[in-house]
Every structure is written in structure tokens, then in C-alpha cells.
>>> print(open('my_file_19.cif').read())   # mmCIF, C-alpha atoms and all ligand atoms
data_data
loop_
_atom_site.group_PDB
_atom_site.id
_atom_site.type_symbol
_atom_site.label_atom_id
_atom_site.label_comp_id
_atom_site.auth_asym_id
_atom_site.auth_seq_id
_atom_site.Cartn_x
_atom_site.Cartn_y
_atom_site.Cartn_z
ATOM 1 C CA MET I 1 -178.695 106.771 4.388
ATOM 2 C CA ARG I 2 -180.193 103.412 3.415
ATOM 3 C CA VAL I 3 -178.841 100.806 5.818
ATOM 4 C CA ARG I 4 -178.764 97.094 5.254
ATOM 5 C CA LYS I 5 -179.230 95.117 8.485
ATOM 6 C CA LYS I 6 -175.848 93.697 9.459
ATOM 7 C CA LYS I 7 -175.592 90.039 10.359
ATOM 8 C CA HIS I 8 -174.485 89.780 13.995
ATOM 9 C CA GLY I 9 -174.284 93.591 14.141
ATOM 10 C CA ALA I 10 -174.704 93.786 17.918
ATOM 11 C CA GLU I 11 -172.039 91.093 18.543
ATOM 12 C CA ARG I 12 -169.625 92.735 16.093
ATOM 13 C CA LEU I 13 -170.077 96.089 17.808
ATOM 14 C CA ALA I 14 -169.636 94.516 21.250
ATOM 15 C CA ALA I 15 -166.298 93.079 20.065
ATOM 16 C CA CYS I 16 -165.081 96.686 19.671
ATOM 17 C CA GLU I 17 -165.952 97.651 23.258
ATOM 18 C CA ASN I 18 -162.398 98.771 24.069
ATOM 19 C CA TYR I 19 -163.058 101.647 21.678
ATOM 20 C CA PHE I 20 -166.399 102.725 23.166
ATOM 21 C CA PHE I 21 -166.641 106.197 24.657
ATOM 22 C CA PRO I 22 -167.797 105.504 28.238
ATOM 23 C CA ALA I 23 -169.933 107.623 30.524
ATOM 24 C CA CYS I 24 -167.525 109.917 32.387
ATOM 25 C CA GLU I 25 -167.440 113.049 34.527
ATOM 26 C CA ASN I 26 -164.204 114.301 33.033
ATOM 27 C CA ILE I 27 -162.767 113.721 29.567
ATOM 28 C CA SER I 28 -159.340 112.981 31.122
ATOM 29 C CA GLU I 29 -160.806 109.702 32.448
ATOM 30 C CA VAL I 30 -161.003 108.558 28.810
ATOM 31 C CA PHE I 31 -158.133 110.355 27.111
ATOM 32 C CA GLU I 32 -155.375 110.712 29.679
ATOM 33 C CA ASN I 33 -153.053 112.863 27.546
ATOM 34 C CA GLY I 34 -154.752 116.287 27.797
ATOM 35 C CA ASN I 35 -154.769 116.607 23.980
ATOM 36 C CA PRO I 36 -157.523 118.513 22.131
ATOM 37 C CA VAL I 37 -160.812 116.673 21.598
ATOM 38 C CA HIS I 38 -162.652 116.672 18.258
ATOM 39 C CA VAL I 39 -166.097 115.108 17.746
ATOM 40 C CA GLU I 40 -167.557 113.993 14.421
ATOM 41 C CA ILE I 41 -171.360 113.818 14.512
ATOM 42 C CA GLY I 42 -172.944 111.421 12.014
ATOM 43 C CA CYS I 43 -169.658 109.670 11.237
ATOM 44 C CA GLY I 44 -171.263 107.055 8.980
ATOM 45 C CA LYS I 45 -168.870 104.210 8.188
ATOM 46 C CA GLY I 46 -165.929 106.093 9.697
ATOM 47 C CA THR I 47 -163.564 106.821 6.791
ATOM 48 C CA PHE I 48 -163.112 110.484 7.790
ATOM 49 C CA VAL I 49 -162.479 109.872 11.483
ATOM 50 C CA ARG I 50 -160.056 107.040 10.723
ATOM 51 C CA ASP I 51 -158.053 109.180 8.269
ATOM 52 C CA MET I 52 -158.118 112.238 10.564
ATOM 53 C CA ALA I 53 -156.953 110.166 13.546
ATOM 54 C CA LYS I 54 -154.012 108.832 11.534
ATOM 55 C CA LYS I 55 -153.122 112.294 10.186
ATOM 56 C CA TYR I 56 -153.434 113.992 13.599
ATOM 57 C CA PRO I 57 -152.310 111.532 16.301
ATOM 58 C CA GLU I 58 -152.008 114.469 18.738
ATOM 59 C CA ILE I 59 -155.796 114.986 18.625
ATOM 60 C CA ASN I 60 -158.374 112.788 20.379
ATOM 61 C CA PHE I 61 -161.489 111.963 18.355
ATOM 62 C CA ILE I 62 -164.984 110.859 19.334
ATOM 63 C CA ALA I 63 -167.034 109.437 16.439
ATOM 64 C CA VAL I 64 -170.799 109.723 16.985
ATOM 65 C CA GLU I 65 -173.385 107.814 14.948
ATOM 66 C CA LYS I 66 -176.991 107.040 15.829
ATOM 67 C CA ILE I 67 -177.452 103.890 13.728
ATOM 68 C CA THR I 68 -175.866 100.804 15.263
ATOM 69 C CA ASP I 69 -175.541 98.925 11.970
ATOM 70 C CA VAL I 70 -173.581 101.867 10.534
ATOM 71 C CA MET I 71 -171.461 102.358 13.638
ATOM 72 C CA VAL I 72 -170.286 98.727 13.401
ATOM 73 C CA CYS I 73 -168.332 99.588 10.238
ATOM 74 C CA CYS I 74 -166.713 102.616 11.872
ATOM 75 C CA ALA I 75 -165.850 100.793 15.108
ATOM 76 C CA GLU I 76 -164.299 97.870 13.205
ATOM 77 C CA LYS I 77 -162.144 100.286 11.157
ATOM 78 C CA ILE I 78 -160.828 101.932 14.326
ATOM 79 C CA LYS I 79 -160.209 98.581 16.005
ATOM 80 C CA SER I 80 -158.432 97.038 13.025
ATOM 81 C CA GLU I 81 -155.962 99.950 12.939
ATOM 82 C CA GLU I 82 -155.676 100.045 16.756
ATOM 83 C CA LEU I 83 -156.208 103.811 16.796
ATOM 84 C CA SER I 84 -155.772 104.709 20.463
ATOM 85 C CA ASN I 85 -156.853 108.339 19.874
ATOM 86 C CA VAL I 86 -160.417 107.417 18.802
ATOM 87 C CA ARG I 87 -163.506 106.373 20.736
ATOM 88 C CA VAL I 88 -166.916 105.652 19.242
ATOM 89 C CA LEU I 89 -170.272 106.644 20.673
ATOM 90 C CA CYS I 90 -173.537 105.209 19.373
ATOM 91 C CA ALA I 91 -175.969 107.998 20.243
ATOM 92 C CA ASP I 92 -178.299 110.610 18.843
ATOM 93 C CA ALA I 93 -176.683 114.051 18.602
ATOM 94 C CA LYS I 94 -179.549 115.438 20.681
ATOM 95 C CA THR I 95 -178.335 113.495 23.727
ATOM 96 C CA LEU I 96 -174.625 114.319 23.530
ATOM 97 C CA ALA I 97 -174.585 116.524 26.616
ATOM 98 C CA GLU I 98 -175.579 113.420 28.622
ATOM 99 C CA SER I 99 -172.432 111.539 27.522
ATOM 100 C CA ILE I 100 -169.757 114.127 26.789
ATOM 101 C CA PRO I 101 -168.664 116.388 29.669
ATOM 102 C CA ALA I 102 -169.427 120.127 29.421
ATOM 103 C CA ASN I 103 -166.734 122.453 28.007
ATOM 104 C CA SER I 104 -164.521 119.585 26.869
ATOM 105 C CA VAL I 105 -164.624 119.691 23.052
ATOM 106 C CA ASP I 106 -162.432 121.861 20.826
ATOM 107 C CA ARG I 107 -164.093 121.116 17.500
ATOM 108 C CA ILE I 108 -167.208 119.434 16.128
ATOM 109 C CA TYR I 109 -167.374 118.138 12.548
ATOM 110 C CA LEU I 110 -170.695 117.935 10.709
ATOM 111 C CA ASN I 111 -169.969 116.171 7.438
ATOM 112 C CA PHE I 112 -172.732 115.770 4.845
ATOM 113 C CA SER I 113 -175.503 115.753 7.416
ATOM 114 C CA ASP I 114 -178.924 114.710 6.133
ATOM 115 C CA PRO I 115 -180.446 117.875 4.552
ATOM 116 C CA TRP I 116 -184.093 117.274 5.591
ATOM 117 C CA PRO I 117 -185.372 119.528 2.746
ATOM 118 C CA LYS I 118 -189.040 119.764 3.837
ATOM 119 C CA ALA I 119 -189.762 122.856 5.953
ATOM 120 C CA GLY I 120 -191.739 120.670 8.354
ATOM 121 C CA HIS I 121 -188.577 118.641 9.058
ATOM 122 C CA LYS I 122 -186.183 121.509 9.713
ATOM 123 C CA LYS I 123 -185.946 120.707 13.434
ATOM 124 C CA ARG I 124 -184.183 117.469 12.399
ATOM 125 C CA ARG I 125 -181.338 119.308 10.657
ATOM 126 C CA LEU I 126 -178.153 118.933 12.697
ATOM 127 C CA THR I 127 -177.584 122.711 12.519
ATOM 128 C CA HIS I 128 -181.017 123.615 13.900
ATOM 129 C CA LYS I 129 -180.935 125.704 17.108
ATOM 130 C CA ILE I 130 -182.106 122.632 19.054
ATOM 131 C CA PHE I 131 -178.807 120.892 18.187
ATOM 132 C CA LEU I 132 -176.649 124.046 18.384
ATOM 133 C CA ASP I 133 -177.759 124.459 22.015
ATOM 134 C CA VAL I 134 -176.490 120.932 22.747
ATOM 135 C CA TYR I 135 -173.176 121.565 20.958
ATOM 136 C CA LYS I 136 -172.681 124.792 22.946
ATOM 137 C CA GLN I 137 -172.807 122.766 26.159
ATOM 138 C CA ILE I 138 -170.011 120.379 25.191
ATOM 139 C CA LEU I 139 -167.828 122.872 23.290
ATOM 140 C CA LYS I 140 -165.087 124.816 25.071
ATOM 141 C CA ALA I 141 -165.519 128.607 25.230
ATOM 142 C CA ASP I 142 -163.341 128.984 22.102
ATOM 143 C CA GLY I 143 -164.663 125.849 20.370
ATOM 144 C CA SER I 144 -165.785 125.616 16.755
ATOM 145 C CA ILE I 145 -167.925 123.632 14.347
ATOM 146 C CA ALA I 146 -166.624 122.719 10.876
ATOM 147 C CA LEU I 147 -169.396 121.904 8.418
ATOM 148 C CA LYS I 148 -169.171 120.398 4.938
ATOM 149 C CA THR I 149 -172.101 119.702 2.634
ATOM 150 C CA ASP I 150 -173.059 119.213 -0.990
ATOM 151 C CA ASN I 151 -176.488 120.744 -0.311
ATOM 152 C CA ASP I 152 -177.034 124.447 -1.084
ATOM 153 C CA SER I 153 -180.208 124.797 0.992
ATOM 154 C CA LEU I 154 -178.724 123.120 4.073
ATOM 155 C CA PHE I 155 -175.638 125.318 3.708
ATOM 156 C CA GLU I 156 -177.642 128.565 3.585
ATOM 157 C CA PHE I 157 -179.851 127.415 6.466
ATOM 158 C CA SER I 158 -176.768 126.532 8.524
ATOM 159 C CA LEU I 159 -174.997 129.851 7.873
ATOM 160 C CA GLU I 160 -178.119 131.697 9.074
ATOM 161 C CA GLU I 161 -178.662 129.431 12.068
ATOM 162 C CA PHE I 162 -175.015 129.730 13.210
ATOM 163 C CA ALA I 163 -175.116 133.536 12.909
ATOM 164 C CA ALA I 164 -178.448 133.757 14.753
ATOM 165 C CA ASN I 165 -177.138 131.628 17.629
ATOM 166 C CA GLY I 166 -173.959 133.411 18.642
ATOM 167 C CA PHE I 167 -171.418 131.830 16.284
ATOM 168 C CA THR I 168 -169.001 133.832 14.117
ATOM 169 C CA LEU I 169 -168.545 132.516 10.595
ATOM 170 C CA ASP I 170 -165.112 131.899 9.145
ATOM 171 C CA GLU I 171 -163.506 130.082 6.187
ATOM 172 C CA VAL I 172 -166.763 130.139 4.191
ATOM 173 C CA SER I 173 -166.241 128.412 0.849
ATOM 174 C CA TYR I 174 -168.738 127.524 -1.880
ATOM 175 C CA ASP I 175 -166.201 125.313 -3.652
ATOM 176 C CA LEU I 176 -163.909 123.743 -1.097
ATOM 177 C CA HIS I 177 -161.929 121.650 -3.550
ATOM 178 C CA SER I 178 -160.885 124.772 -5.516
ATOM 179 C CA SER I 179 -160.151 126.805 -2.386
ATOM 180 C CA ASP I 180 -157.049 127.392 -0.236
ATOM 181 C CA PHE I 181 -158.398 124.807 2.221
ATOM 182 C CA ALA I 182 -158.320 121.968 -0.325
ATOM 183 C CA LYS I 183 -154.750 120.964 0.505
ATOM 184 C CA GLU I 184 -155.467 120.059 4.121
ATOM 185 C CA ASN I 185 -158.936 118.655 3.416
ATOM 186 C CA VAL I 186 -159.664 115.043 4.426
ATOM 187 C CA MET I 187 -162.486 113.604 2.305
ATOM 188 C CA THR I 188 -165.456 111.719 3.676
ATOM 189 C CA GLU I 189 -167.184 108.870 1.845
ATOM 190 C CA TYR I 190 -170.112 111.056 0.798
ATOM 191 C CA GLU I 191 -167.748 113.818 -0.244
ATOM 192 C CA ALA I 192 -165.863 111.483 -2.594
ATOM 193 C CA ASN I 193 -169.153 110.457 -4.232
ATOM 194 C CA PHE I 194 -170.540 113.984 -4.625
ATOM 195 C CA SER I 195 -167.210 115.228 -5.865
ATOM 196 C CA LYS I 196 -167.084 112.489 -8.533
ATOM 197 C CA GLN I 197 -170.467 113.765 -9.750
ATOM 198 C CA GLY I 198 -169.020 117.302 -10.110
ATOM 199 C CA ILE I 199 -171.051 118.760 -7.236
ATOM 200 C CA PRO I 200 -169.144 121.600 -5.490
ATOM 201 C CA ILE I 201 -168.585 121.055 -1.784
ATOM 202 C CA LYS I 202 -169.579 123.861 0.552
ATOM 203 C CA ARG I 203 -167.693 124.403 3.837
ATOM 204 C CA CYS I 204 -167.632 126.799 6.751
ATOM 205 C CA VAL I 205 -166.287 127.058 10.278
ATOM 206 C CA ALA I 206 -168.568 128.489 12.969
ATOM 207 C CA LYS I 207 -166.699 129.788 16.018
ATOM 208 C CA LEU I 208 -168.036 130.531 19.491
HETATM 209 C C1 LIG R 1 -175.482 111.333 4.896
HETATM 210 S S1 LIG R 1 -174.613 110.397 6.080
HETATM 211 C C2 LIG R 1 -172.948 111.071 5.990
HETATM 212 C C3 LIG R 1 -171.910 110.126 6.543
HETATM 213 C C4 LIG R 1 -170.479 110.684 6.649
HETATM 214 N N1 LIG R 1 -170.414 111.818 7.556
HETATM 215 C C5 LIG R 1 -169.918 111.051 5.301
HETATM 216 O O1 LIG R 1 -169.777 112.272 5.031
HETATM 217 O O2 LIG R 1 -169.575 110.155 4.526
HETATM 218 C C6 LIG R 1 -175.243 111.102 7.596
HETATM 219 C C7 LIG R 1 -174.995 110.228 8.809
HETATM 220 O O3 LIG R 1 -175.408 110.944 9.966
HETATM 221 C C8 LIG R 1 -176.111 110.063 10.828
HETATM 222 N N2 LIG R 1 -177.037 110.872 11.640
HETATM 223 C C9 LIG R 1 -178.123 111.524 11.195
HETATM 224 N N3 LIG R 1 -178.761 112.149 12.205
HETATM 225 C C10 LIG R 1 -178.035 111.884 13.327
HETATM 226 C C11 LIG R 1 -178.193 112.240 14.696
HETATM 227 N N4 LIG R 1 -179.235 112.973 15.097
HETATM 228 N N5 LIG R 1 -177.274 111.801 15.581
HETATM 229 C C12 LIG R 1 -176.224 111.034 15.168
HETATM 230 N N6 LIG R 1 -176.038 110.656 13.887
HETATM 231 C C13 LIG R 1 -176.925 111.076 12.974
HETATM 232 C C14 LIG R 1 -176.824 109.119 9.884
HETATM 233 O O4 LIG R 1 -177.215 107.917 10.504
HETATM 234 C C15 LIG R 1 -175.772 108.930 8.787
HETATM 235 O O5 LIG R 1 -174.910 107.851 9.074
#
>>> encode(input="my_file_19.cif", output="C-alpha cells")
Amino acid sequence: MRVRKKKHGAERLAACENYFFPACENISEVFENGNPVHVEIGCGKGTFVRDMAKKYPEINFIAVEKITDVMVCCAEKIKSEELSNVRVLCADAKTLAESIPANSVDRIYLNFSDPWPKAGHKKRRLTHKIFLDVYKQILKADGSIALKTDNDSLFEFSLEEFAANGFTLDEVSYDLHSSDFAKENVMTEYEANFSKQGIPIKRCVAKL
């Protein structure tokens, strides 16, 4: 994602501090309602997490993004709609087990993660074993990962990596928008763009 430096980005983000996900020992210190917790990793500008949080007020969401200037847009969206079931976390996915308590997450969303097509870069893919081992720490015993992508190679890599690392594959679709899951689908920004170009969206759910 090409990112233009935001004017006063740090100050704008700081103004959203009530929506930051804080360091905690137990998720109930942050969300006091005992509702399920879903985490979107690489939330970009936050359209998906905003729309999901409005559609499912009985679910708590944590939006994770590593680039501060991108996170500003997401945090401001959540603040402007006063969505009390969302917190934002500016962090690299690799470090999530340091911020999110173990066994606390019901579902992780990976939406249109960077494909890193070169073989030499495969350790950067968000479905590489290195990342799956982190997700396993924060997921509950029956937790799951829902992945969507436009990219055939990343999809095939991810299906293999999930299967090789103890996940069971479910709801595998090579054309989400023509599938039974289309009705409940909430589009991301990238998804809307790829879809406009006629690129089929691939999706799967990987369950522990
Ligand atoms: C291609 S964009 C997709 C944005 C959004 N999910 C969508 O579908 O519209 C991928 C996003 O993931 C973020 N990202 C990439 N690697 C990450 C990592 N290791 N940890 C957290 N975020 C990451 C990028 O900064 C970027 O904002």
C-alpha cells in the first residue's frame, strides 16, 4: 500500500486515544461485556471493521494496522461513529501475542494481505507459519481465521500453510461473490476495487 504522509498524523491518532487497545492481562479489562472478540489484521483505512462493528454490535473488534499514517484513518472512522465495540492497535502482526492476551480471540480476519510474490519474501506473508504460530497463541481453542484475497498464489500458499499447521479448512470459495456466502459478506476497500475490475475474490475459513 502506498501511503502518503499525513499532516499531523501523530496528533490526529493521539486524539483517538479512547479507542486504543491498551496493554492488559485479561481482555475483560478492555471489553467488560464478555462478548466474542474478533481481530482484523492489516485493517487499512478501517472500512471493513467499521461496517462489521455496526452490523454486529454484540461482537468486540480489535483493528490492527502497522502503519501509523494508515491507522489514523481507521481510528478517526471509529471515533466519529462512537463505536464502543472497537479498539485499534497500531502494531506489527508478529508482536500481537505481546499485546493481546492468550486464548482470548474467537476469530481473526486477514483481508487482502500483501501477497509478497517473490519466494525470498514468503516469510513476510501474513499466513506464513511464523505468523500462524502467533495467531495460535491469541486464538481460543476453537478459534478461526477468515481469509479473503484477490491473489491466486497467496490463496494457494495460505491453504497449504493452514493445513500444514494444524488448521482445518472450511468454506473454501474461489468466487466469493457468486457463492452462498455472498449475502453475509462485508466488503473491504480493496475488495470493492478488485471486484470492480472483475477479479474473483477467494475466501476460506481455517479452524483450529
Ligand atoms: C493491501 S492492504 C489491505 C487493507 C484492507 N484490509 C482492505 O482489504 O481494504 C494491507 C494492509 O495490511 C497492513 N499490513 C501489512 N503487513 C502487516 C503486518 N505485519 N502487521 C500489521 N499490518 C500489516 C498494511 O500496512 C496494509 O494497510
>>> atom_distance(input="my_file_19.cif", atom1="atom CA of Ser80 of chain I", atom2="atom CA of Ile41 of chain I")
21.2 Å
>>> residues_around(input="my_file_19.cif", residues="segment 185-187 of chain I", least_positions_apart="4", cutoff="9 Å", atoms="all atoms listed in the file", output="MDAnalysis selection string")
chainID I and resid 47:48 51:52 176:177 181 191:192
>>> residues_around(input="my_file_19.cif", residues="segment 35-40 of chain I", least_positions_apart="6", cutoff="8 Å", atoms="only C-alpha atoms", output="list in words")
Val49, Glu58, Ile59, Asn60, Phe61, Ile62, Ala63, Val64, Ser104, Val105, Asp106, Arg107, Ile108, Tyr109, Leu110 and Asn111 of chain I
>>> write_last_selection(input="my_file_19.cif", atoms="C-alpha atoms", output="mmCIF file, keeping the file's coordinate frame")
data_model
loop_
_atom_site.group_PDB
_atom_site.id
_atom_site.type_symbol
_atom_site.label_atom_id
_atom_site.label_comp_id
_atom_site.auth_asym_id
_atom_site.auth_seq_id
_atom_site.Cartn_x
_atom_site.Cartn_y
_atom_site.Cartn_z
ATOM 1 C CA VAL I 49 -162.479 109.872 11.483
ATOM 2 C CA GLU I 58 -152.008 114.469 18.738
ATOM 3 C CA ILE I 59 -155.796 114.986 18.625
ATOM 4 C CA ASN I 60 -158.374 112.788 20.379
ATOM 5 C CA PHE I 61 -161.489 111.963 18.355
ATOM 6 C CA ILE I 62 -164.984 110.859 19.334
ATOM 7 C CA ALA I 63 -167.034 109.437 16.439
ATOM 8 C CA VAL I 64 -170.799 109.723 16.985
ATOM 9 C CA SER I 104 -164.521 119.585 26.869
ATOM 10 C CA VAL I 105 -164.624 119.691 23.052
ATOM 11 C CA ASP I 106 -162.432 121.861 20.826
ATOM 12 C CA ARG I 107 -164.093 121.116 17.500
ATOM 13 C CA ILE I 108 -167.208 119.434 16.128
ATOM 14 C CA TYR I 109 -167.374 118.138 12.548
ATOM 15 C CA LEU I 110 -170.695 117.935 10.709
ATOM 16 C CA ASN I 111 -169.969 116.171 7.438
#
>>> residues_near_ligand(input="my_file_19.cif", ligand="ligand LIG 1 (chain R)", cutoff="7 Å", atoms="all atoms listed in the file", output="list of chain:residue names")
I:Met1, I:Ile41, I:Gly42, I:Cys43, I:Gly44, I:Lys45, I:Val64, I:Glu65, I:Lys66, I:Ile67, I:Val70, I:Ala91, I:Asp92, I:Ala93, I:Lys94, I:Leu110, I:Asn111, I:Phe112, I:Ser113, I:Asp114, I:Leu126, I:Thr188, I:Glu189, I:Tyr190, I:Glu191
>>> write_last_selection(input="my_file_19.cif", atoms="C-alpha atoms", output="short mmCIF file (atom, residue, chain, number, x, y, z; two decimals), in the frame of the given file")
data_model
loop_
_atom_site.label_atom_id
_atom_site.label_comp_id
_atom_site.auth_asym_id
_atom_site.auth_seq_id
_atom_site.Cartn_x
_atom_site.Cartn_y
_atom_site.Cartn_z
CA MET I 1 -178.70 106.77 4.39
CA ILE I 41 -171.36 113.82 14.51
CA GLY I 42 -172.94 111.42 12.01
CA CYS I 43 -169.66 109.67 11.24
CA GLY I 44 -171.26 107.06 8.98
CA LYS I 45 -168.87 104.21 8.19
CA VAL I 64 -170.80 109.72 16.98
CA GLU I 65 -173.38 107.81 14.95
CA LYS I 66 -176.99 107.04 15.83
CA ILE I 67 -177.45 103.89 13.73
CA VAL I 70 -173.58 101.87 10.53
CA ALA I 91 -175.97 108.00 20.24
CA ASP I 92 -178.30 110.61 18.84
CA ALA I 93 -176.68 114.05 18.60
CA LYS I 94 -179.55 115.44 20.68
CA LEU I 110 -170.70 117.94 10.71
CA ASN I 111 -169.97 116.17 7.44
CA PHE I 112 -172.73 115.77 4.84
CA SER I 113 -175.50 115.75 7.42
CA ASP I 114 -178.92 114.71 6.13
CA LEU I 126 -178.15 118.93 12.70
CA THR I 188 -165.46 111.72 3.68
CA GLU I 189 -167.18 108.87 1.84
CA TYR I 190 -170.11 111.06 0.80
CA GLU I 191 -167.75 113.82 -0.24
#
>>> atom_distance(input="my_file_19.cif", atom1="atom CA of Cys24 of chain I", atom2="atom CA of Thr127 of chain I")
25.7 Å
>>> atom_distance(input="my_file_19.cif", atom1="atom CA of Glu98 of chain I", atom2="atom CA of Ala146 of chain I")
21.9 Å
>>> closest_residue(input="my_file_19.cif", among="I:Ala163, I:Pro115, I:Val205, I:Pro101", to="Glu29 of chain I", atoms="all atoms listed in the file")
I:Pro101
>>> residues_around(input="my_file_19.cif", residues="Ala164 of chain I", least_positions_apart="4", cutoff="12 Å", atoms="all atoms listed in the file", output="VMD selection string")
chain I and resid 127 to 129 132 to 133 157 to 160 168 to 169 206 208
>>> write_last_selection(input="my_file_19.cif", atoms="C-alpha atoms", output="compact mmCIF listing (two decimals), in the frame of the given file")
# COMPACT_ATOMS: atom_id res chain seq x y z
CA THR I 127 -177.58 122.71 12.52
CA HIS I 128 -181.02 123.62 13.90
CA LYS I 129 -180.94 125.70 17.11
CA LEU I 132 -176.65 124.05 18.38
CA ASP I 133 -177.76 124.46 22.02
CA PHE I 157 -179.85 127.42 6.47
CA SER I 158 -176.77 126.53 8.52
CA LEU I 159 -175.00 129.85 7.87
CA GLU I 160 -178.12 131.70 9.07
CA THR I 168 -169.00 133.83 14.12
CA LEU I 169 -168.54 132.52 10.60
CA ALA I 206 -168.57 128.49 12.97
CA LEU I 208 -168.04 130.53 19.49
>>> resolve_selection(input="my_file_19.cif", expression="the PyMOL selection byres (((chain I and resi 84) around 9) and not hetatm)", output="list in words")
Tyr19, Ala53, Pro57, Asn60, Ile78, Lys79, Glu81, Glu82, Leu83, Asn85, Val86 and Arg87 of chain I
>>> closest_residue(input="my_file_19.cif", among="I:Cys73, I:Ala141, I:Cys90, I:Val30", to="Asn103 of chain I", atoms="all atoms listed in the file")
I:Ala141
>>> decode(input="my_file_19.cif", residues="segment 86-98 of chain I", atoms="N, CA and C atoms", output="CSV table (one decimal), in the first residue's frame")
chain,number,residue,atom,x,y,z
I,86,VAL,N,-15.2,-1.3,19.3
I,86,VAL,CA,-14.0,-1.4,18.6
I,86,VAL,C,-12.8,-0.7,19.3
I,87,ARG,N,-11.7,-1.4,19.3
I,87,ARG,CA,-10.4,-0.7,19.7
I,87,ARG,C,-9.4,-0.9,18.6
I,88,VAL,N,-8.5,0.0,18.5
I,88,VAL,CA,-7.5,0.0,17.5
I,88,VAL,C,-6.1,-0.3,18.1
I,89,LEU,N,-5.3,-1.0,17.4
I,89,LEU,CA,-3.9,-1.3,17.9
I,89,LEU,C,-2.9,-1.1,16.7
I,90,CYS,N,-2.0,-0.2,16.9
I,90,CYS,CA,-1.0,0.1,15.9
I,90,CYS,C,0.2,-0.8,16.2
I,91,ALA,N,0.3,-1.9,15.5
I,91,ALA,CA,1.3,-2.9,15.8
I,91,ALA,C,1.6,-3.8,14.6
I,92,ASP,N,2.7,-4.4,14.6
I,92,ASP,CA,3.0,-5.4,13.6
I,92,ASP,C,2.4,-6.8,14.1
I,93,ALA,N,1.8,-7.5,13.1
I,93,ALA,CA,1.1,-8.8,13.5
I,93,ALA,C,2.1,-9.7,14.2
I,94,LYS,N,3.3,-9.6,13.9
I,94,LYS,CA,4.3,-10.5,14.6
I,94,LYS,C,4.3,-10.4,16.1
I,95,THR,N,3.9,-9.2,16.6
I,95,THR,CA,4.1,-8.9,18.0
I,95,THR,C,2.7,-9.0,18.8
I,96,LEU,N,1.7,-9.5,18.1
I,96,LEU,CA,0.4,-9.5,18.7
I,96,LEU,C,0.3,-10.2,20.0
I,97,ALA,N,1.1,-11.3,20.2
I,97,ALA,CA,1.0,-12.0,21.5
I,97,ALA,C,1.5,-11.2,22.6
I,98,GLU,N,2.2,-10.1,22.3
I,98,GLU,CA,2.7,-9.2,23.4
I,98,GLU,C,1.6,-8.3,23.9
